[in-house]
Structures are given as structure tokens and as C-alpha cells.
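Source file: run14.cif (mmCIF, C-alpha atoms)
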```
data_my_file
loop_
_atom_site.label_atom_id
_atom_site.label_comp_id
_atom_site.auth_asym_id
_atom_site.auth_seq_id
_atom_site.Cartn_x
_atom_site.Cartn_y
_atom_site.Cartn_z
CA LEU A 1 0.00 0.00 0.00
CA VAL A 2 1.30 3.44 -0.95
CA GLY A 3 -1.14 6.16 0.08
CA GLY A 4 -4.42 5.42 -1.67
CA ILE A 5 -2.88 2.93 -4.12
CA ALA A 6 -2.52 -0.81 -3.63
CA ILE A 7 0.21 -2.50 -5.67
CA LEU A 8 -0.46 -6.13 -6.62
CA GLN A 9 2.30 -8.51 -7.61
CA ASP A 10 -0.23 -10.63 -9.57
CA ASP A 11 -2.25 -9.58 -12.61
CA ASP A 12 -5.61 -10.18 -10.94
CA PRO A 13 -8.35 -7.74 -12.05
CA GLU A 14 -11.10 -9.53 -10.10
CA GLY A 15 -9.01 -9.53 -6.93
CA ALA A 16 -8.27 -5.84 -7.51
CA VAL A 17 -11.99 -5.02 -7.64
CA ARG A 18 -12.60 -6.96 -4.41
CA LEU A 19 -9.69 -5.23 -2.69
CA LEU A 20 -10.86 -1.79 -3.81
CA SER A 21 -14.40 -2.38 -2.51
CA SER A 22 -13.14 -3.71 0.83
CA ARG A 23 -10.89 -0.73 1.65
CA PRO A 24 -12.52 2.71 1.54
CA SER A 25 -9.09 4.38 1.86
CA LEU A 26 -8.03 3.08 -1.57
CA HIS A 27 -8.74 4.88 -4.83
CA THR A 28 -6.67 2.73 -7.21
CA VAL A 29 -5.31 -0.81 -7.51
CA VAL A 30 -2.40 -1.42 -9.90
CA PHE A 31 -0.32 -4.32 -11.15
CA ALA A 32 3.46 -3.88 -10.99
CA GLN A 33 4.94 -4.74 -14.38
CA GLY A 34 8.57 -5.34 -13.50
CA GLU A 35 11.06 -3.79 -11.09
CA VAL A 36 12.53 -0.31 -10.71
CA HIS A 37 14.86 0.33 -13.64
CA GLY A 38 16.71 3.00 -15.61
CA GLU A 39 18.58 6.12 -14.58
CA TYR A 40 15.30 7.79 -13.56
CA ARG A 41 14.44 4.86 -11.21
CA THR A 42 10.93 4.34 -12.59
CA ARG A 43 8.61 1.36 -12.68
CA GLN A 44 5.72 0.42 -14.97
CA PHE A 45 2.22 -0.19 -13.65
CA ARG A 46 -1.15 -1.14 -15.14
CA VAL A 47 -4.30 0.09 -13.44
CA LEU A 48 -6.57 -2.86 -12.58
CA ALA A 49 -9.35 -1.07 -10.70
CA GLY A 50 -10.37 2.40 -9.55
CA LYS A 51 -9.14 5.77 -10.76
CA PRO A 52 -6.80 5.65 -13.78
CA THR A 53 -3.84 7.25 -12.00
CA THR A 54 -0.51 6.41 -10.38
CA ARG A 55 -0.51 9.63 -8.32
CA THR A 56 -1.43 9.62 -4.65
CA LYS A 57 -0.63 11.29 -1.34
CA VAL A 58 1.30 9.58 1.45
CA THR A 59 1.19 10.72 5.06
CA GLU A 60 4.31 9.91 7.08
CA HIS A 61 5.18 11.14 10.59
CA GLY A 62 3.44 14.47 10.18
CA HIS A 63 4.50 15.06 6.58
CA THR A 64 2.46 14.62 3.40
CA PHE A 65 4.11 13.65 0.13
CA THR A 66 2.60 13.68 -3.35
CA VAL A 67 4.02 10.73 -5.26
CA ASP A 68 3.64 9.33 -8.75
CA LEU A 69 4.58 5.66 -8.68
CA ALA A 70 5.24 5.55 -12.43
CA GLY A 71 7.01 8.91 -12.63
CA ALA A 72 9.54 8.98 -9.80
CA TYR A 73 11.07 6.76 -7.14
CA PHE A 74 9.43 6.59 -3.72
CA SER A 75 9.68 3.88 -1.07
CA ALA A 76 7.21 3.94 1.82
CA ARG A 77 9.29 1.14 3.40
CA LEU A 78 12.03 3.64 4.24
CA SER A 79 9.83 5.61 6.62
CA THR A 80 11.59 4.09 9.66
CA GLU A 81 14.99 4.89 8.12
CA ARG A 82 14.05 8.52 7.65
CA GLN A 83 13.16 8.78 11.34
CA ARG A 84 16.32 6.92 12.39
CA ILE A 85 18.54 9.37 10.52
CA LEU A 86 16.52 12.38 11.68
CA ALA A 87 17.34 11.33 15.26
CA GLN A 88 21.06 11.55 14.39
CA VAL A 89 20.96 14.97 12.70
CA GLN A 90 22.32 17.77 14.85
CA GLU A 91 20.77 21.23 14.77
CA GLY A 92 22.30 23.34 12.02
CA GLU A 93 23.79 20.57 9.90
CA ALA A 94 24.25 20.96 6.15
CA VAL A 95 22.82 17.86 4.46
CA LEU A 96 23.04 16.57 0.88
CA ASP A 97 20.56 14.04 -0.54
CA MET A 98 22.24 12.86 -3.74
CA PHE A 99 19.28 10.86 -5.09
CA ALA A 100 16.36 12.68 -3.50
CA GLY A 101 13.40 11.48 -5.57
CA VAL A 102 10.26 13.36 -4.52
CA GLY A 103 12.00 14.64 -1.38
CA PRO A 104 10.95 12.45 1.60
CA PHE A 105 14.42 12.27 3.17
CA ALA A 106 15.18 15.93 2.42
CA ILE A 107 11.92 17.29 3.83
CA THR A 108 12.09 15.05 6.89
CA LEU A 109 15.69 16.02 7.74
CA ALA A 110 15.02 19.71 7.12
CA LYS A 111 13.34 19.78 10.53
CA ARG A 112 16.79 19.93 12.17
CA ALA A 113 19.23 20.77 9.38
CA SER A 114 20.05 24.34 8.45
CA LEU A 115 20.11 23.45 4.74
CA VAL A 116 19.29 20.34 2.71
CA VAL A 117 20.43 20.20 -0.92
CA ALA A 118 18.18 17.67 -2.66
CA SER A 119 19.45 16.50 -6.04
CA ASP A 120 17.94 14.19 -8.63
CA LEU A 121 18.41 13.50 -12.33
CA ASN A 122 14.71 12.90 -12.99
CA PRO A 123 12.77 16.09 -13.93
CA LYS A 124 9.47 14.54 -12.79
CA ALA A 125 10.99 13.82 -9.38
CA ILE A 126 12.10 17.44 -9.04
CA GLY A 127 8.64 18.66 -10.06
CA LEU A 128 7.00 16.50 -7.40
CA MET A 129 9.63 17.57 -4.86
CA LEU A 130 8.73 21.22 -5.49
CA GLU A 131 5.07 20.34 -4.83
CA ASN A 132 6.06 18.59 -1.61
CA ILE A 133 8.23 21.46 -0.40
CA MET A 134 5.25 23.79 -0.76
CA LEU A 135 2.82 21.22 0.65
CA ASN A 136 4.91 20.86 3.82
CA ARG A 137 5.88 24.55 3.99
CA THR A 138 9.55 23.66 4.08
CA LYS A 139 11.87 26.63 3.57
CA ASN A 140 15.38 25.17 3.83
CA VAL A 141 15.41 22.54 1.06
CA LEU A 142 17.20 23.47 -2.16
CA PRO A 143 16.05 21.26 -5.08
CA MET A 144 18.64 20.62 -7.77
CA LEU A 145 18.13 18.92 -11.14
CA ALA A 146 21.60 17.46 -11.62
CA ASP A 147 23.66 14.39 -12.38
CA ALA A 148 25.20 13.14 -9.11
CA ARG A 149 28.45 12.47 -11.00
CA ARG A 150 28.89 16.24 -11.38
CA LEU A 151 27.81 17.42 -7.94
CA ASP A 152 31.36 17.65 -6.62
CA ARG A 153 32.11 20.12 -9.46
CA ILE A 154 28.84 22.08 -9.12
CA LEU A 155 28.76 22.50 -5.34
CA SER A 156 31.48 24.33 -3.48
CA TRP A 157 30.20 23.31 -0.03
CA LYS A 158 31.21 20.44 2.21
CA PHE A 159 28.34 18.68 3.93
CA ASP A 160 27.97 17.30 7.44
CA ARG A 161 25.75 14.45 6.29
CA ILE A 162 25.02 12.82 2.93
CA ILE A 163 22.17 10.47 1.99
CA MET A 164 22.88 8.00 -0.83
CA ASN A 165 19.72 6.03 -1.55
CA LEU A 166 20.49 4.45 -4.92
CA PRO A 167 20.54 0.74 -4.02
CA LEU A 168 21.20 -0.69 -7.50
CA SER A 169 24.26 1.38 -8.41
CA GLY A 170 25.19 3.69 -5.54
CA THR A 171 28.74 2.34 -5.32
CA GLU A 172 29.56 4.19 -8.56
CA PHE A 173 29.01 7.51 -6.76
CA LEU A 174 30.94 6.87 -3.54
CA PRO A 175 34.03 8.87 -4.67
CA GLU A 176 31.86 11.94 -5.34
CA ALA A 177 30.14 11.56 -1.96
CA PHE A 178 33.50 11.38 -0.18
CA GLN A 179 34.60 14.55 -1.98
CA LEU A 180 31.47 16.38 -0.82
CA CYS A 181 31.50 15.27 2.82
CA ARG A 182 33.57 17.17 5.38
CA PRO A 183 36.14 15.32 7.54
CA GLY A 184 34.25 13.79 10.44
CA GLY A 185 30.96 13.90 8.53
CA THR A 186 28.62 10.98 7.91
CA ILE A 187 27.40 9.22 4.78
CA HIS A 188 24.34 6.94 4.86
CA PHE A 189 24.94 4.62 1.93
CA TYR A 190 22.15 2.26 0.81
CA SER A 191 22.85 -0.74 -1.38
CA LEU A 192 21.51 -4.14 -2.40
CA VAL A 193 23.94 -6.72 -1.04
CA SER A 194 24.36 -10.49 -1.04
CA ALA A 195 26.83 -10.72 1.85
CA GLU A 196 27.59 -8.86 5.06
CA GLY A 197 30.43 -6.39 4.65
CA GLU A 198 30.18 -6.46 0.87
CA HIS A 199 31.23 -2.80 0.50
CA THR A 200 33.43 -2.42 3.57
CA ALA A 201 36.73 -2.77 1.69
CA ARG A 202 35.75 -0.09 -0.85
CA ILE A 203 34.66 2.30 1.91
CA ARG A 204 37.97 1.85 3.72
CA GLU A 205 39.88 2.32 0.47
CA LEU A 206 38.24 5.73 0.05
CA GLY A 207 39.13 6.74 3.61
CA GLY A 208 35.92 5.95 5.49
CA THR A 209 35.05 3.94 8.57
CA VAL A 210 31.90 1.82 8.75
CA LEU A 211 30.13 2.79 11.96
CA ALA A 212 27.25 0.38 11.41
CA GLU A 213 25.78 -1.88 8.75
CA ARG A 214 22.17 -2.92 9.04
CA VAL A 215 19.47 -4.66 7.01
CA VAL A 216 16.66 -2.32 5.96
CA ARG A 217 14.50 -4.97 4.28
CA SER A 218 14.70 -8.17 2.26
CA TYR A 219 14.72 -7.70 -1.50
CA SER A 220 14.94 -11.15 -3.10
CA PRO A 221 16.19 -14.61 -2.08
CA GLY A 222 19.82 -14.16 -1.07
CA GLN A 223 19.76 -10.38 -1.46
CA TRP A 224 18.76 -7.57 0.87
CA HIS A 225 18.63 -3.78 1.08
CA ALA A 226 21.32 -2.65 3.53
CA VAL A 227 22.53 0.68 4.83
CA TYR A 228 26.12 1.53 5.77
CA ASP A 229 26.60 4.43 8.18
CA VAL A 230 30.05 5.73 7.27
CA ARG A 231 32.28 8.23 9.06
CA ILE A 232 34.64 10.20 6.81
CA GLY A 233 38.32 10.44 7.70
CA GLY A 234 38.45 8.13 10.66
#
```
Show me the file's structure as C-alpha cells.
Amino acid sequence: LVGGIAILQDDDPEGAVRLLSSRPSLHTVVFAQGEVHGEYRTRQFRVLAGKPTTRTKVTEHGHTFTVDLAGAYFSARLSTERQRILAQVQEGEAVLDMFAGVGPFAITLAKRASLVVASDLNPKAIGLMLENIMLNRTKNVLPMLADARRLDRILSWKFDRIIMNLPLSGTEFLPEAFQLCRPGGTIHFYSLVSAEGEHTARIRELGGTVLAERVVRSYSPGQWHAVYDVRIGG
């Protein structure tokens, strides 16, 4: 369930109609046609019942996010992660979200940070993020339509904390993240892994220390979504 949309893993129109009628909070039931793919991190859906839309609103710990499941990446399963990291943010931090999507991490962390730069390559994601910034009356999030590979050349700042939620290929961007994080700062690096400590050697090679590695959720047999909390320069 994402807001008012139910996502089915089976192509079951009759089941979709039954589900829609049994849950008044739902407005649409869709069938997921494949996994998240491409540089824009999008996924294809077919509407099985209800309103012909993939847009909905999600309420999460006092925030409301407009999302478009087919247009931009959003994971409701990371709600707990957003609160976990918020608890670590110190007042006045400068934060960078390198793959911000529609802005859930950025807007959540803005509660304590002085500035959150929220970057994404997907124009639809940035458009939805702008809606969400206004919807939540957030004044210290700076949206940026940019390729994360170029952020270290675009931005002159060093950040206290960096969010890297690009599980399928985030390792490609670790050097840029290390360049953008100040000594003693923290990177929260999300990745799909098949073994504990899979990225530890690479993190150490770049000059980081793994403070913690934890499982966020299972993804497929033998593979899970993990997060590395990394301290820069020690």
C-alpha cells in the first residue's frame, strides 16, 4: 500500500476489484509490471481497478508527500529509516541528498538541518519535490536537477551528512560523496547486497570507517537492502 494505491504482484483484475471495494481508503489498484529500472528509477504499472492514475498522497510522521509511482522513485518502506537518521541529525547541519526522488528524506531532515540540498536526475521527481516542499511549507530545502556524478564540481560546499539512496548502483558515486563530505561527517549509503560487509573494503579504500551496517528490508532470495553508516576520515 502506498497512500491510496494498492500494488499487486499478480495480474488479478477480479481480486483488484474486491480489494478496492473492501478498503474505503483506496482509490486505485495497480499491477506492478517489472522492477525499478533505468537512470530515472521508474517502474511500470497497469491500473486494474479504480481511478486511472498512479498519483497519490502519502502521510508519514506528520509530513504529506505527493508521489507518482510511475514517474519517480518513492519507497514507503524507508519511513523508519528517515526517522532513524533524523534522530542523528544535529541542529544546524548541512545535508546533501544525492538521489532525492520526490523529497521524503530531504523534507524530513530539514526539521533539524540548516540546509538540505536535494538532487535528482529525474525532472518529474524534481517537479514532485517542489510540490512537496510547498505542501509541507519547508523553507530550507534546495532542489537541484543534476547528475550526481557532477555534484562535486557544481557545489562548493562540504556537507555534514550525505544520503545515498540508490541501491542498485550507488557504489559508482561513492568517490563523489567522499569529496562532498567534510572530515568527520557521515554518509548513509544504501545498497543491495548479497553478503555482510560487501562494501566495507571499498569504503575503507576511500578513507571511510563503517560505523554500522544494518538490514533495511529483504529484496529477493539471497539479497537484501542494507545501509552503511560511514564516518569520513576516521
List as number ranges by chain the protein and nucleic acid residues near Thr186 (chain A), meaning an atom at most 12 Å away when only C-alpha atoms are counted, but skip any in the same chain fewer than 3 places from it.
A: 85, 88-90, 93-96, 158-164, 177-178, 180-183, 189, 208-212, 228-234
Dump as a tab-separated table the rows for residues of region 15-41 of chain A within 12 Å of region 122-140 of chain A: closest atom pair and distance in Å with one decimal, all atoms listed in the file counted, ordered by chain and rising residue number.
```
residue	atom	partner	partner_atom	distance
A:Gly38	CA	A:Asn122	CA	10.4
A:Glu39	CA	A:Asn122	CA	8.0
A:Tyr40	CA	A:Asn122	CA	5.2
A:Arg41	CA	A:Asn122	CA	8.2
```
So which one's closest to Val216 (chain A), A:Asp12, A:Glu81, A:Asp147, A:Glu91? Using all atoms listed in the file, please.
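Under the stated criterion, the closest residue is A:Glu81.
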Name all residues at most 12 Å from Ala76 (chain A) (count all atoms listed in the file; drop same-chain ones fewer than 2 positions away) and give them as an MDAnalysis selection string.
chainID A and resid 1:3 5 57:61 64:67 69 73:74 78:82 102 104:105 217
So, with all atoms listed in the file as the atoms that count, which of A:Ile154, A:Ala49, A:Ala72, A:Ala32 lies closest to Leu20 (chain A)?
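Ranking A:Ile154, A:Ala49, A:Ala72, A:Ala32 by distance to Leu20 (chain A), first place goes to A:Ala49.
Taking only C-alpha atoms into account, His63 (chain A) lies nearest to A:Gly103 out of the set A:Thr28, A:Glu35, A:Val47, A:Gly103.
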Excluding Gln9 (chain A) and residues on its chain fewer than 5 positions from it, collect all residues at most 9 Å away from it, counting all atoms listed in the file, and give them as a ChimeraX atom specification.
/A:30-33
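Rounded to one decimal, CA of Pro221 (chain A) and CA of Met98 (chain A) lie 28.2 Å from each other.
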At what distance in Å, to one decimal, does CA of Glu14 (chain A) lie from CA of Pro52 (chain A)?
16.2 Å
Nearest to Arg84 (chain A) among A:Ile107, A:His188, A:His27, A:Trp157, with distances taken over all atoms listed in the file: which residue is it?
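Under the stated criterion, the closest residue is A:His188.
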Could you write region 105-121 of chain A as a PDB file, in the coordinates of the input, with N, CA and C atoms rebuilt where they are missing?
```
ATOM      1  N   PHE A 105      13.287  12.132   2.253  1.00  0.00           N
ATOM      2  CA  PHE A 105      14.420  12.270   3.170  1.00  0.00           C
ATOM      3  C   PHE A 105      14.716  13.750   3.408  1.00  0.00           C
ATOM      4  N   ALA A 106      14.799  14.519   2.330  1.00  0.00           N
ATOM      5  CA  ALA A 106      15.180  15.930   2.420  1.00  0.00           C
ATOM      6  C   ALA A 106      14.218  16.711   3.301  1.00  0.00           C
ATOM      7  N   ILE A 107      12.927  16.539   3.075  1.00  0.00           N
ATOM      8  CA  ILE A 107      11.920  17.290   3.830  1.00  0.00           C
ATOM      9  C   ILE A 107      11.879  16.836   5.281  1.00  0.00           C
ATOM     10  N   THR A 108      12.065  15.551   5.512  1.00  0.00           N
ATOM     11  CA  THR A 108      12.090  15.050   6.890  1.00  0.00           C
ATOM     12  C   THR A 108      13.287  15.606   7.659  1.00  0.00           C
ATOM     13  N   LEU A 109      14.472  15.577   7.049  1.00  0.00           N
ATOM     14  CA  LEU A 109      15.690  16.020   7.740  1.00  0.00           C
ATOM     15  C   LEU A 109      15.764  17.535   7.877  1.00  0.00           C
ATOM     16  N   ALA A 110      15.015  18.241   7.044  1.00  0.00           N
ATOM     17  CA  ALA A 110      15.020  19.710   7.120  1.00  0.00           C
ATOM     18  C   ALA A 110      14.513  20.233   8.456  1.00  0.00           C
ATOM     19  N   LYS A 111      13.835  19.380   9.209  1.00  0.00           N
ATOM     20  CA  LYS A 111      13.340  19.780  10.530  1.00  0.00           C
ATOM     21  C   LYS A 111      14.469  20.213  11.448  1.00  0.00           C
ATOM     22  N   ARG A 112      15.665  19.599  11.301  1.00  0.00           N
ATOM     23  CA  ARG A 112      16.790  19.930  12.170  1.00  0.00           C
ATOM     24  C   ARG A 112      17.966  20.555  11.427  1.00  0.00           C
ATOM     25  N   ALA A 113      18.095  20.248  10.146  1.00  0.00           N
ATOM     26  CA  ALA A 113      19.230  20.770   9.380  1.00  0.00           C
ATOM     27  C   ALA A 113      19.040  22.258   9.095  1.00  0.00           C
ATOM     28  N   SER A 114      20.153  22.944   8.864  1.00  0.00           N
ATOM     29  CA  SER A 114      20.050  24.340   8.450  1.00  0.00           C
ATOM     30  C   SER A 114      19.762  24.436   6.967  1.00  0.00           C
ATOM     31  N   LEU A 115      20.303  23.488   6.191  1.00  0.00           N
ATOM     32  CA  LEU A 115      20.110  23.450   4.740  1.00  0.00           C
ATOM     33  C   LEU A 115      20.171  22.003   4.270  1.00  0.00           C
ATOM     34  N   VAL A 116      19.248  21.644   3.378  1.00  0.00           N
ATOM     35  CA  VAL A 116      19.290  20.340   2.710  1.00  0.00           C
ATOM     36  C   VAL A 116      19.302  20.586   1.211  1.00  0.00           C
ATOM     37  N   VAL A 117      20.372  20.172   0.543  1.00  0.00           N
ATOM     38  CA  VAL A 117      20.430  20.200  -0.920  1.00  0.00           C
ATOM     39  C   VAL A 117      19.900  18.858  -1.413  1.00  0.00           C
ATOM     40  N   ALA A 118      18.855  18.888  -2.218  1.00  0.00           N
ATOM     41  CA  ALA A 118      18.180  17.670  -2.660  1.00  0.00           C
ATOM     42  C   ALA A 118      18.296  17.548  -4.175  1.00  0.00           C
ATOM     43  N   SER A 119      19.140  16.632  -4.617  1.00  0.00           N
ATOM     44  CA  SER A 119      19.450  16.500  -6.040  1.00  0.00           C
ATOM     45  C   SER A 119      18.812  15.246  -6.634  1.00  0.00           C
ATOM     46  N   ASP A 120      18.411  15.358  -7.890  1.00  0.00           N
ATOM     47  CA  ASP A 120      17.940  14.190  -8.630  1.00  0.00           C
ATOM     48  C   ASP A 120      18.089  14.463 -10.121  1.00  0.00           C
ATOM     49  N   LEU A 121      18.254  13.392 -10.886  1.00  0.00           N
ATOM     50  CA  LEU A 121      18.410  13.500 -12.330  1.00  0.00           C
ATOM     51  C   LEU A 121      17.068  13.518 -13.062  1.00  0.00           C
TER      52      LEU A 121
END
```
